[in-house]
>>> print(open('start20.txt').read())   # compact mmCIF, C-alpha atoms
# COMPACT_ATOMS: atom_id res chain seq x y z
CA MET A 1 0.00 0.00 0.00
CA ASN A 2 1.15 3.54 -0.63
CA SER A 3 1.48 6.26 2.03
CA GLU A 4 -1.98 7.70 1.38
CA GLN A 5 -3.58 4.29 1.72
CA ARG A 6 -1.64 3.66 4.93
CA LEU A 7 -2.97 6.86 6.51
CA THR A 8 -6.51 6.06 5.41
CA MET A 9 -6.18 2.61 6.93
CA ILE A 10 -5.00 4.01 10.28
CA GLN A 11 -7.81 6.54 10.37
CA ARG A 12 -10.52 4.01 9.52
CA LEU A 13 -9.20 1.46 12.01
CA SER A 14 -9.20 4.07 14.77
CA ASP A 15 -12.74 5.18 13.94
CA ALA A 16 -14.13 1.63 13.77
CA TYR A 17 -16.24 0.57 16.76
CA GLY A 18 -15.13 -2.61 18.51
CA VAL A 19 -15.16 -2.90 22.28
CA SER A 20 -14.21 -6.25 23.81
CA GLY A 21 -16.63 -8.94 22.68
CA PHE A 22 -18.11 -6.73 19.93
CA GLU A 23 -15.15 -6.42 17.54
CA ASP A 24 -17.19 -6.99 14.36
CA GLN A 25 -16.79 -3.52 12.83
CA ALA A 26 -13.05 -3.39 13.55
CA ILE A 27 -12.57 -6.83 12.00
CA ALA A 28 -14.59 -5.86 8.93
CA GLU A 29 -12.39 -2.81 8.45
CA ALA A 30 -9.19 -4.85 8.84
CA ARG A 31 -10.38 -7.33 6.19
CA ARG A 32 -10.40 -4.50 3.63
CA TRP A 33 -6.61 -4.22 3.90
CA ILE A 34 -5.68 -7.90 3.58
CA ASP A 35 -4.86 -9.29 0.14
CA SER A 36 -7.18 -12.28 -0.29
CA GLU A 37 -5.13 -13.40 -3.29
CA ARG A 38 -2.19 -14.11 -0.96
CA TYR A 39 -3.84 -14.92 2.37
CA VAL A 40 -6.64 -17.16 3.61
CA ILE A 41 -8.79 -15.35 6.17
CA ALA A 42 -11.03 -17.09 8.70
CA GLU A 43 -13.05 -15.80 11.65
CA ASP A 44 -13.80 -17.94 14.69
CA HIS A 45 -16.57 -17.74 17.28
CA MET A 46 -14.51 -15.46 19.54
CA ARG A 47 -14.20 -12.92 16.70
CA ASN A 48 -10.53 -13.73 16.18
CA LEU A 49 -9.40 -13.17 12.61
CA ILE A 50 -6.90 -15.87 11.56
CA ILE A 51 -4.72 -14.95 8.57
CA LYS A 52 -2.58 -17.57 6.83
CA PRO A 53 -0.74 -17.65 3.51
CA LYS A 54 -2.36 -19.88 0.92
CA ALA A 55 0.76 -22.03 0.91
CA PHE A 56 1.83 -22.34 4.54
CA GLY A 57 5.32 -23.75 4.77
CA GLY A 58 8.83 -22.51 5.35
CA GLU A 59 11.99 -22.73 7.38
CA VAL A 60 10.64 -20.74 10.34
CA LYS A 61 6.98 -20.19 11.25
CA VAL A 62 6.52 -16.61 12.47
CA LEU A 63 3.30 -15.55 14.19
CA LEU A 64 2.18 -11.91 14.14
CA ASP A 65 -0.50 -10.74 16.56
CA ALA A 66 -2.40 -7.54 17.34
CA HIS A 67 -5.66 -7.20 19.24
CA SER A 68 -8.68 -5.64 17.60
CA ASP A 69 -10.72 -4.70 20.68
CA GLU A 70 -10.79 -1.32 22.37
CA LEU A 71 -11.79 -0.11 25.81
CA GLY A 72 -15.44 0.69 26.30
CA PHE A 73 -18.43 -0.15 28.43
CA MET A 74 -21.53 -2.34 28.61
CA VAL A 75 -25.02 -1.24 29.61
CA GLN A 76 -25.91 -2.81 32.95
CA ALA A 77 -29.42 -1.47 33.53
CA ILE A 78 -31.97 1.15 32.47
CA LYS A 79 -33.11 3.50 35.23
CA PRO A 80 -36.72 4.72 35.49
CA ASN A 81 -35.65 8.16 34.17
CA GLY A 82 -34.23 6.55 31.00
CA THR A 83 -30.54 6.89 31.78
CA LEU A 84 -28.21 3.90 31.62
CA THR A 85 -25.94 2.46 34.26
CA PHE A 86 -22.88 0.71 32.86
CA LEU A 87 -19.81 -1.34 33.63
CA PRO A 88 -16.32 -0.88 32.18
CA LEU A 89 -14.85 -3.18 29.56
CA GLY A 90 -11.11 -2.95 30.21
CA GLY A 91 -8.95 -0.95 32.57
CA TRP A 92 -10.55 2.46 32.94
CA ALA A 93 -9.60 5.03 35.55
CA ALA A 94 -12.87 6.52 36.78
CA ASN A 95 -11.68 10.12 36.40
CA ASN A 96 -11.19 9.53 32.64
CA VAL A 97 -14.80 8.51 32.06
CA SER A 98 -17.22 11.28 33.03
CA ALA A 99 -18.35 14.13 30.74
CA HIS A 100 -17.35 12.39 27.51
CA LYS A 101 -19.46 11.54 24.46
CA VAL A 102 -20.15 7.89 23.73
CA LYS A 103 -22.08 5.76 21.26
CA VAL A 104 -24.50 3.07 22.47
CA ARG A 105 -25.45 0.25 20.08
CA ASN A 106 -29.15 -0.48 20.02
CA ARG A 107 -30.90 -3.69 19.03
CA ARG A 108 -31.08 -2.57 15.39
CA GLY A 109 -27.30 -2.23 15.31
CA GLU A 110 -27.44 1.58 15.22
CA TYR A 111 -25.03 3.58 17.39
CA ILE A 112 -26.90 6.17 19.44
CA SER A 113 -25.11 9.28 20.77
CA GLY A 114 -24.95 9.72 24.52
CA ILE A 115 -23.05 11.53 27.25
CA VAL A 116 -21.49 10.02 30.35
CA ALA A 117 -23.15 12.16 32.99
CA ALA A 118 -22.55 12.70 36.67
CA LYS A 119 -24.43 14.93 39.06
CA PRO A 120 -23.89 18.60 38.07
CA VAL A 121 -21.73 20.57 40.48
CA HIS A 122 -24.69 22.85 41.23
CA PHE A 123 -26.48 19.99 42.99
CA MET A 124 -23.48 18.51 44.79
CA THR A 125 -22.85 18.73 48.49
CA GLU A 126 -19.44 19.97 49.58
CA ARG A 127 -18.46 16.40 50.37
CA GLU A 128 -19.55 15.18 46.92
CA ARG A 129 -17.49 17.89 45.22
CA HIS A 130 -14.29 16.53 46.74
CA ALA A 131 -15.11 12.83 46.51
CA ALA A 132 -13.15 10.54 44.18
CA SER A 133 -14.79 9.64 40.87
CA ASP A 134 -16.71 6.38 40.87
CA ILE A 135 -18.09 4.72 37.73
CA SER A 136 -20.91 3.17 39.78
CA THR A 137 -22.38 6.66 40.31
CA MET A 138 -22.26 7.63 36.63
CA VAL A 139 -24.93 7.17 34.00
CA ILE A 140 -25.14 7.48 30.23
CA ASP A 141 -27.80 9.91 29.01
CA VAL A 142 -29.03 9.43 25.42
CA GLY A 143 -31.75 12.06 25.77
CA SER A 144 -34.49 9.70 26.89
CA ARG A 145 -37.01 10.66 29.58
CA SER A 146 -38.18 7.24 30.74
CA PHE A 147 -37.38 3.54 30.92
CA GLU A 148 -39.98 2.87 28.25
CA GLU A 149 -38.60 5.49 25.86
CA THR A 150 -35.08 4.09 26.16
CA ARG A 151 -36.31 0.54 25.61
CA ASP A 152 -38.99 1.11 22.96
CA ILE A 153 -38.01 4.29 21.08
CA PHE A 154 -34.22 4.23 21.39
CA GLN A 155 -34.36 0.41 21.40
CA ILE A 156 -31.49 0.06 23.83
CA ASP A 157 -31.19 -3.12 25.90
CA ILE A 158 -29.03 -4.19 28.79
CA GLY A 159 -25.84 -5.81 27.49
CA ALA A 160 -25.46 -3.17 24.78
CA PRO A 161 -21.86 -2.20 23.96
CA VAL A 162 -20.76 1.40 24.45
CA VAL A 163 -17.79 3.00 22.66
CA PRO A 164 -16.04 6.37 22.99
CA ASP A 165 -17.32 8.85 20.41
CA VAL A 166 -14.09 10.24 18.94
CA ALA A 167 -13.10 10.92 15.32
CA CYS A 168 -9.51 10.20 14.28
CA GLU A 169 -7.39 13.06 12.99
CA ILE A 170 -4.24 12.55 10.91
CA GLN A 171 -1.89 15.53 11.23
CA HIS A 172 0.19 15.04 8.09
CA GLU A 173 2.59 17.93 8.59
CA ARG A 174 3.43 16.82 12.14
CA GLY A 175 3.37 13.09 11.48
CA LEU A 176 0.83 12.48 14.24
CA VAL A 177 -2.33 10.45 14.76
CA VAL A 178 -4.89 11.75 17.26
CA GLY A 179 -7.84 9.47 17.92
CA LYS A 180 -9.45 6.74 19.95
CA ALA A 181 -8.58 3.05 20.22
CA LEU A 182 -4.93 3.48 19.26
CA ASP A 183 -4.44 0.69 21.80
CA CYS A 184 -4.31 -1.39 19.73
CA ARG A 185 -5.55 -0.21 16.31
CA ILE A 186 -2.18 1.43 15.72
CA GLY A 187 -0.68 -2.03 16.28
CA VAL A 188 -3.26 -3.56 13.95
CA ALA A 189 -2.23 -1.09 11.26
CA ALA A 190 1.44 -2.00 11.72
CA MET A 191 0.64 -5.70 11.49
CA LEU A 192 -1.45 -5.27 8.35
CA GLU A 193 1.26 -3.18 6.69
CA THR A 194 3.85 -5.82 7.57
CA LEU A 195 1.70 -8.49 5.90
CA ASP A 196 1.31 -6.22 2.87
CA GLN A 197 5.09 -5.97 2.49
CA ILE A 198 5.61 -9.75 2.47
CA ASP A 199 5.24 -12.04 -0.52
CA PRO A 200 4.32 -15.30 1.24
CA ALA A 201 4.59 -17.37 -1.93
CA GLY A 202 8.26 -16.51 -2.41
CA HIS A 203 9.44 -16.14 1.19
CA ARG A 204 11.64 -18.76 2.83
CA ASN A 205 9.82 -18.27 6.14
CA ALA A 206 6.11 -18.74 6.74
CA VAL A 207 4.13 -15.91 8.34
CA CYS A 208 0.68 -16.30 9.85
CA ALA A 209 -1.20 -13.65 11.79
CA CYS A 210 -3.99 -13.19 14.27
CA LEU A 211 -6.21 -10.20 14.82
CA SER A 212 -7.22 -11.25 18.31
CA SER A 213 -10.27 -10.35 20.37
CA GLN A 214 -10.92 -9.48 24.02
CA GLU A 215 -7.35 -8.61 24.98
CA GLU A 216 -8.49 -5.73 27.16
CA VAL A 217 -10.50 -8.04 29.43
CA GLY A 218 -7.84 -10.69 30.01
CA ASP A 219 -6.08 -11.78 26.80
CA ARG A 220 -9.01 -14.09 26.06
CA GLY A 221 -9.20 -14.24 22.28
CA ILE A 222 -5.58 -15.19 21.68
CA GLN A 223 -5.95 -18.20 23.97
CA THR A 224 -8.51 -19.78 21.64
CA ALA A 225 -6.75 -18.57 18.48
CA LEU A 226 -3.52 -20.34 19.41
CA HIS A 227 -5.23 -23.70 18.89
CA GLN A 228 -5.56 -22.74 15.22
CA LEU A 229 -1.99 -21.53 14.71
CA GLU A 230 1.52 -22.92 14.51
CA ALA A 231 4.56 -20.82 15.34
CA ASP A 232 8.25 -21.12 16.14
CA VAL A 233 8.52 -17.45 17.22
CA ALA A 234 6.08 -14.59 17.60
CA ILE A 235 5.90 -10.80 17.26
CA VAL A 236 3.09 -8.99 19.07
CA PHE A 237 2.17 -5.47 17.95
CA GLU A 238 0.75 -3.24 20.66
CA GLY A 239 -0.29 0.32 21.32
CA CYS A 240 1.56 0.86 24.59
CA PRO A 241 1.43 3.73 27.10
CA ALA A 242 3.89 6.51 26.28
CA ASP A 243 5.60 7.90 29.39
CA ASP A 244 7.35 10.98 28.03
CA THR A 245 4.94 13.64 29.30
CA PHE A 246 4.99 12.71 32.98
CA THR A 247 8.17 10.68 33.67
CA GLU A 248 11.61 11.98 34.52
CA ASP A 249 14.04 11.75 31.60
CA TRP A 250 16.23 9.12 33.24
CA LEU A 251 13.26 6.77 33.65
CA CYS A 252 11.47 7.51 30.38
CA GLN A 253 11.38 4.24 28.38
CA THR A 254 8.48 4.73 25.98
CA ALA A 255 8.80 8.15 24.39
CA MET A 256 6.65 9.02 21.40
CA GLY A 257 8.72 9.42 18.23
CA LYS A 258 11.70 7.30 19.34
CA GLY A 259 10.65 3.99 17.87
CA PRO A 260 8.77 0.94 19.15
CA MET A 261 9.25 -0.17 22.74
CA LEU A 262 10.47 -3.73 23.40
CA ARG A 263 9.38 -4.77 26.87
CA HIS A 264 11.66 -7.08 28.84
CA MET A 265 9.07 -7.53 31.57
CA ASP A 266 5.65 -6.52 32.81
CA ARG A 267 3.30 -8.13 35.31
CA SER A 268 2.26 -10.78 32.74
CA ILE A 269 5.50 -11.71 30.94
CA ILE A 270 9.25 -12.00 31.13
CA ALA A 271 10.25 -11.96 27.48
CA ASN A 272 12.52 -14.73 26.21
CA PRO A 273 15.87 -12.95 26.73
CA ARG A 274 17.63 -14.64 23.79
CA TRP A 275 14.85 -13.74 21.36
CA MET A 276 14.70 -10.23 22.78
CA ARG A 277 18.46 -9.79 22.38
CA GLN A 278 18.37 -11.05 18.81
CA VAL A 279 15.63 -8.61 17.82
CA LEU A 280 17.32 -5.69 19.60
CA ASP A 281 20.66 -6.46 17.96
CA LEU A 282 18.99 -6.58 14.55
CA ALA A 283 17.36 -3.21 15.16
CA HIS A 284 20.72 -1.67 16.05
CA GLN A 285 22.40 -3.25 13.02
CA ARG A 286 19.71 -1.89 10.70
CA GLN A 287 19.68 1.48 12.52
CA ILE A 288 15.98 1.13 13.29
CA PRO A 289 15.09 3.22 16.36
CA VAL A 290 13.91 1.14 19.31
CA GLN A 291 13.38 1.57 23.04
CA GLU A 292 13.55 -0.91 25.89
CA SER A 293 11.46 -1.03 29.04
CA VAL A 294 10.96 -2.90 32.28
CA ARG A 295 7.46 -2.39 33.70
CA SER A 296 5.88 -3.21 37.04
CA GLY A 297 2.37 -3.11 35.57
CA GLY A 298 0.67 -3.77 32.27
CA GLY A 299 0.13 -6.98 30.34
CA ASN A 300 -0.38 -8.20 26.80
CA ASN A 301 -1.11 -11.15 24.54
CA GLY A 302 2.58 -12.02 24.46
CA ALA A 303 2.18 -13.68 27.85
CA MET A 304 -0.41 -16.14 26.51
CA ILE A 305 1.62 -16.86 23.38
CA GLN A 306 4.79 -17.51 25.33
CA LEU A 307 2.93 -19.96 27.59
CA SER A 308 1.46 -21.91 24.68
CA GLN A 309 2.65 -25.02 22.84
CA ARG A 310 6.35 -25.51 23.68
CA GLY A 311 6.72 -21.93 24.88
CA ILE A 312 6.78 -19.75 21.76
CA PRO A 313 9.54 -17.11 22.10
CA THR A 314 7.72 -13.79 21.87
CA VAL A 315 8.74 -10.17 21.54
CA VAL A 316 6.32 -7.26 21.86
CA LEU A 317 6.73 -4.24 19.57
CA GLY A 318 4.86 -1.54 21.47
CA ILE A 319 4.08 1.63 19.51
CA PRO A 320 4.02 4.48 22.06
CA VAL A 321 0.61 6.10 22.48
CA ARG A 322 0.07 9.02 24.82
CA TYR A 323 -2.93 8.70 27.17
CA ILE A 324 -4.14 5.21 26.29
CA HIS A 325 -7.03 3.82 28.32
CA SER A 326 -8.82 7.12 27.90
CA HIS A 327 -11.02 8.50 25.12
CA HIS A 328 -8.12 10.10 23.24
CA GLY A 329 -4.61 9.08 22.23
CA ILE A 330 -1.70 10.55 20.29
CA ALA A 331 0.83 8.49 18.33
CA SER A 332 3.67 9.12 15.89
CA LEU A 333 3.54 7.77 12.34
CA ALA A 334 7.34 7.41 12.44
CA ASP A 335 6.99 4.86 15.25
CA VAL A 336 4.59 2.82 13.12
CA GLU A 337 7.09 2.83 10.26
CA ALA A 338 9.91 1.75 12.57
CA ALA A 339 7.82 -1.11 13.99
CA VAL A 340 6.99 -2.36 10.49
CA ALA A 341 10.62 -2.08 9.40
CA LEU A 342 11.80 -4.07 12.41
CA ALA A 343 9.14 -6.75 12.07
CA LYS A 344 9.94 -7.23 8.40
CA ALA A 345 13.68 -7.38 9.14
CA VAL A 346 13.05 -10.11 11.71
CA ILE A 347 10.87 -12.10 9.33
CA ASP A 348 13.43 -11.80 6.54
CA THR A 349 16.45 -12.85 8.62
CA VAL A 350 15.38 -15.35 11.30
CA THR A 351 16.63 -18.89 10.66
CA ALA A 352 15.94 -22.34 12.03
CA ALA A 353 19.37 -22.23 13.69
CA ASP A 354 18.35 -19.02 15.46
CA VAL A 355 15.19 -20.66 16.77
CA ALA A 356 17.12 -23.72 17.96
CA GLY A 357 19.29 -21.43 20.08
CA LEU A 358 16.37 -19.79 21.84
>>> encode(input="start20.txt", output="structure tokens")
Amino acid sequence: MNSEQRLTMIQRLSDAYGVSGFEDQAIAEARRWIDSERYVIAEDHMRNLIIKPKAFGGEVKVLLDAHSDELGFMVQAIKPNGTLTFLPLGGWAANNVSAHKVKVRNRRGEYISGIVAAKPVHFMTERERHAASDISTMVIDVGSRSFEETRDIFQIDIGAPVVPDVACEIQHERGLVVGKALDCRIGVAAMLETLDQIDPAGHRNAVCACLSSQEEVGDRGIQTALHQLEADVAIVFEGCPADDTFTEDWLCQTAMGKGPMLRHMDRSIIANPRWMRQVLDLAHQRQIPVQESVRSGGGNNGAMIQLSQRGIPTVVLGIPVRYIHSHHGIASLADVEAAVALAKAVIDTVTAADVAGL
């Protein structure tokens, strides 16, 4: 794909609705950018998208993964006044939720505009004004005035998915993406571009890929997808939290614009150190900008992949995104390009002897 197509893909992936468990629209958008002449595409009951070359065979089997789901909410109940109580899908901080626009899917599949509302300050007691935010006290208001209107006119049911209402903006002159769901749609874009740059019919290594579901609620989709995949090594694309706007310089490990972040450790994984070293060395040899991190929190699909089969050596290429797990994120297009360049370099150079040494 050319540069204009790449930017269109990123924008459309960001704008697509797809909270955990309801990834259909995001998957449909991703399908548009996969060459069906070169790859066989299948969707399972967990909404995982499995992508394999038509002729799957080679010296080394490389698995690529990125998750399609985004943070959002689910309608829990309809109150008598027509507003909606809701529960989070994924790791939200309560103070990032209130006073934002959302879209609620009704039973016809339409997305209805709403606002996450909390009690106006005019009606708060002094104690309430200083209390910590709590999602359990918030409601979504779609403009209804009764339970019956919400149910029968708006046609909203309990269990309905709710997504942030944010339009993606590509700032060409600054090389920036500003939008929602960049965790992990920016990783999805990098994975799809990597697949686009590979000719599976003529490559000595075999590359399969998974657009996995429900990562934000516990790495669930990849666990079922792995039963349908074979791999000697894996590369996971992520949209990871950038730390350059609130961390001291000496501790900053995920700065936007300095290349993908390779994570040695988080609370879910200790990356295979030999595979990590090989990928880092390759990046330095090719002069591809990369960063390294050691994290006390966080988690990703790499943990599930590394625990599967015989223990698939896995490295995570995290594209820094400022303010993930909120309605808005900012990412650098240069970091996407560096992640794709590194992934393709790994695919082109890894050998069976390398894998045996891991």
>>> closest_residue(input="start20.txt", among="A:Leu64, A:Val142, A:Ala338, A:Leu211", to="Val102 in chain A", atoms="only C-alpha atoms")
A:Val142
>>> atom_distance(input="start20.txt", atom1="CA of Met9 in chain A", atom2="CA of Asp244 in chain A")
26.4 Å
>>> closest_residue(input="start20.txt", among="A:Glu43, A:Glu292, A:Glu148, A:Glu37", to="Ala55 in chain A", atoms="all atoms listed in the file")
A:Glu37
>>> atom_distance(input="start20.txt", atom1="CA of Val177 in chain A", atom2="CA of Ala331 in chain A")
5.2 Å
>>> atom_distance(input="start20.txt", atom1="CA of Ile270 in chain A", atom2="CA of Glu248 in chain A")
24.3 Å
>>> residues_around(input="start20.txt", residues="range 274-290 of chain A", least_positions_apart="6", cutoff="8 Å", atoms="all atoms listed in the file", output="list in words")
Lys258, Gly259, Pro260, Met261, Leu262, His264, Pro313, Thr314, Val315, Ala338, Ala341, Leu342, Ala345, Val346, Gly357 and Leu358 of chain A
>>> write_last_selection(input="start20.txt", atoms="C-alpha atoms", output="tab-separated table (two decimals), in the frame of the given file")
chain	number	residue	atom	x	y	z
A	258	LYS	CA	11.70	7.30	19.34
A	259	GLY	CA	10.65	3.99	17.87
A	260	PRO	CA	8.77	0.94	19.15
A	261	MET	CA	9.25	-0.17	22.74
A	262	LEU	CA	10.47	-3.73	23.40
A	264	HIS	CA	11.66	-7.08	28.84
A	313	PRO	CA	9.54	-17.11	22.10
A	314	THR	CA	7.72	-13.79	21.87
A	315	VAL	CA	8.74	-10.17	21.54
A	338	ALA	CA	9.91	1.75	12.57
A	341	ALA	CA	10.62	-2.08	9.40
A	342	LEU	CA	11.80	-4.07	12.41
A	345	ALA	CA	13.68	-7.38	9.14
A	346	VAL	CA	13.05	-10.11	11.71
A	357	GLY	CA	19.29	-21.43	20.08
A	358	LEU	CA	16.37	-19.79	21.84
>>> closest_residue(input="start20.txt", among="A:Phe123, A:Phe22, A:Leu84, A:Asn300", to="Gly218 in chain A", atoms="all atoms listed in the file")
A:Asn300
>>> residues_around(input="start20.txt", residues="Pro120 in chain A", least_positions_apart="6", cutoff="12 Å", atoms="only C-alpha atoms", output="ChimeraX atom specification")
/A:98-99,128-129,138
>>> closest_residue(input="start20.txt", among="A:Ile135, A:Val233, A:Ile112, A:Ala189", to="Gln155 in chain A", atoms="only C-alpha atoms")
A:Ile112
>>> build_atoms(input="start20.txt", residues="range 29-47 of chain A", atoms="N, CA, C and O atoms", output="mmCIF file, keeping the file's coordinate frame")
data_model
loop_
_atom_site.group_PDB
_atom_site.id
_atom_site.type_symbol
_atom_site.label_atom_id
_atom_site.label_comp_id
_atom_site.auth_asym_id
_atom_site.auth_seq_id
_atom_site.Cartn_x
_atom_site.Cartn_y
_atom_site.Cartn_z
ATOM 1 N N GLU A 29 -13.283 -3.819 9.011
ATOM 2 C CA GLU A 29 -12.390 -2.810 8.450
ATOM 3 C C GLU A 29 -11.025 -3.409 8.148
ATOM 4 O O GLU A 29 -10.427 -3.140 7.100
ATOM 5 N N ALA A 30 -10.504 -4.227 9.065
ATOM 6 C CA ALA A 30 -9.190 -4.850 8.840
ATOM 7 C C ALA A 30 -9.199 -5.734 7.603
ATOM 8 O O ALA A 30 -8.209 -5.782 6.845
ATOM 9 N N ARG A 31 -10.279 -6.440 7.362
ATOM 10 C CA ARG A 31 -10.380 -7.330 6.190
ATOM 11 C C ARG A 31 -10.137 -6.566 4.883
ATOM 12 O O ARG A 31 -9.609 -7.122 3.914
ATOM 13 N N ARG A 32 -10.547 -5.312 4.842
ATOM 14 C CA ARG A 32 -10.400 -4.500 3.630
ATOM 15 C C ARG A 32 -8.948 -4.371 3.202
ATOM 16 O O ARG A 32 -8.660 -4.111 2.033
ATOM 17 N N TRP A 33 -8.010 -4.510 4.152
ATOM 18 C CA TRP A 33 -6.610 -4.220 3.900
ATOM 19 C C TRP A 33 -5.754 -5.484 3.806
ATOM 20 O O TRP A 33 -4.529 -5.406 3.792
ATOM 21 N N ILE A 34 -6.402 -6.634 3.713
ATOM 22 C CA ILE A 34 -5.680 -7.900 3.580
ATOM 23 C C ILE A 34 -5.880 -8.435 2.177
ATOM 24 O O ILE A 34 -7.021 -8.520 1.691
ATOM 25 N N ASP A 35 -4.809 -8.801 1.517
ATOM 26 C CA ASP A 35 -4.860 -9.290 0.140
ATOM 27 C C ASP A 35 -5.354 -10.735 0.138
ATOM 28 O O ASP A 35 -4.625 -11.664 0.501
ATOM 29 N N SER A 36 -6.595 -10.928 -0.280
ATOM 30 C CA SER A 36 -7.180 -12.280 -0.290
ATOM 31 C C SER A 36 -6.589 -13.168 -1.367
ATOM 32 O O SER A 36 -6.826 -14.380 -1.370
ATOM 33 N N GLU A 37 -5.824 -12.582 -2.287
ATOM 34 C CA GLU A 37 -5.130 -13.400 -3.290
ATOM 35 C C GLU A 37 -3.929 -14.110 -2.662
ATOM 36 O O GLU A 37 -3.497 -15.154 -3.145
ATOM 37 N N ARG A 38 -3.387 -13.538 -1.588
ATOM 38 C CA ARG A 38 -2.190 -14.110 -0.960
ATOM 39 C C ARG A 38 -2.484 -14.807 0.361
ATOM 40 O O ARG A 38 -1.724 -15.693 0.774
ATOM 41 N N TYR A 39 -3.574 -14.410 1.026
ATOM 42 C CA TYR A 39 -3.840 -14.920 2.370
ATOM 43 C C TYR A 39 -5.243 -15.520 2.464
ATOM 44 O O TYR A 39 -6.191 -15.037 1.848
ATOM 45 N N VAL A 40 -5.351 -16.572 3.260
ATOM 46 C CA VAL A 40 -6.640 -17.160 3.610
ATOM 47 C C VAL A 40 -7.072 -16.551 4.933
ATOM 48 O O VAL A 40 -6.306 -16.537 5.899
ATOM 49 N N ILE A 41 -8.292 -16.052 4.989
ATOM 50 C CA ILE A 41 -8.790 -15.350 6.170
ATOM 51 C C ILE A 41 -9.970 -16.120 6.742
ATOM 52 O O ILE A 41 -10.908 -16.468 6.020
ATOM 53 N N ALA A 42 -9.934 -16.383 8.037
ATOM 54 C CA ALA A 42 -11.030 -17.090 8.700
ATOM 55 C C ALA A 42 -11.337 -16.417 10.023
ATOM 56 O O ALA A 42 -10.441 -15.922 10.710
ATOM 57 N N GLU A 43 -12.614 -16.405 10.387
ATOM 58 C CA GLU A 43 -13.050 -15.800 11.650
ATOM 59 C C GLU A 43 -13.666 -16.877 12.523
ATOM 60 O O GLU A 43 -14.492 -17.673 12.059
ATOM 61 N N ASP A 44 -13.251 -16.927 13.784
ATOM 62 C CA ASP A 44 -13.800 -17.940 14.690
ATOM 63 C C ASP A 44 -14.909 -17.359 15.550
ATOM 64 O O ASP A 44 -15.306 -16.209 15.393
ATOM 65 N N HIS A 45 -15.422 -18.169 16.490
ATOM 66 C CA HIS A 45 -16.570 -17.740 17.280
ATOM 67 C C HIS A 45 -16.222 -16.708 18.352
ATOM 68 O O HIS A 45 -17.113 -16.107 18.955
ATOM 69 N N MET A 46 -14.936 -16.495 18.594
ATOM 70 C CA MET A 46 -14.510 -15.460 19.540
ATOM 71 C C MET A 46 -14.227 -14.138 18.835
ATOM 72 O O MET A 46 -13.788 -13.183 19.460
ATOM 73 N N ARG A 47 -14.486 -14.082 17.534
ATOM 74 C CA ARG A 47 -14.200 -12.920 16.700
ATOM 75 C C ARG A 47 -12.710 -12.704 16.483
ATOM 76 O O ARG A 47 -12.269 -11.598 16.228
#
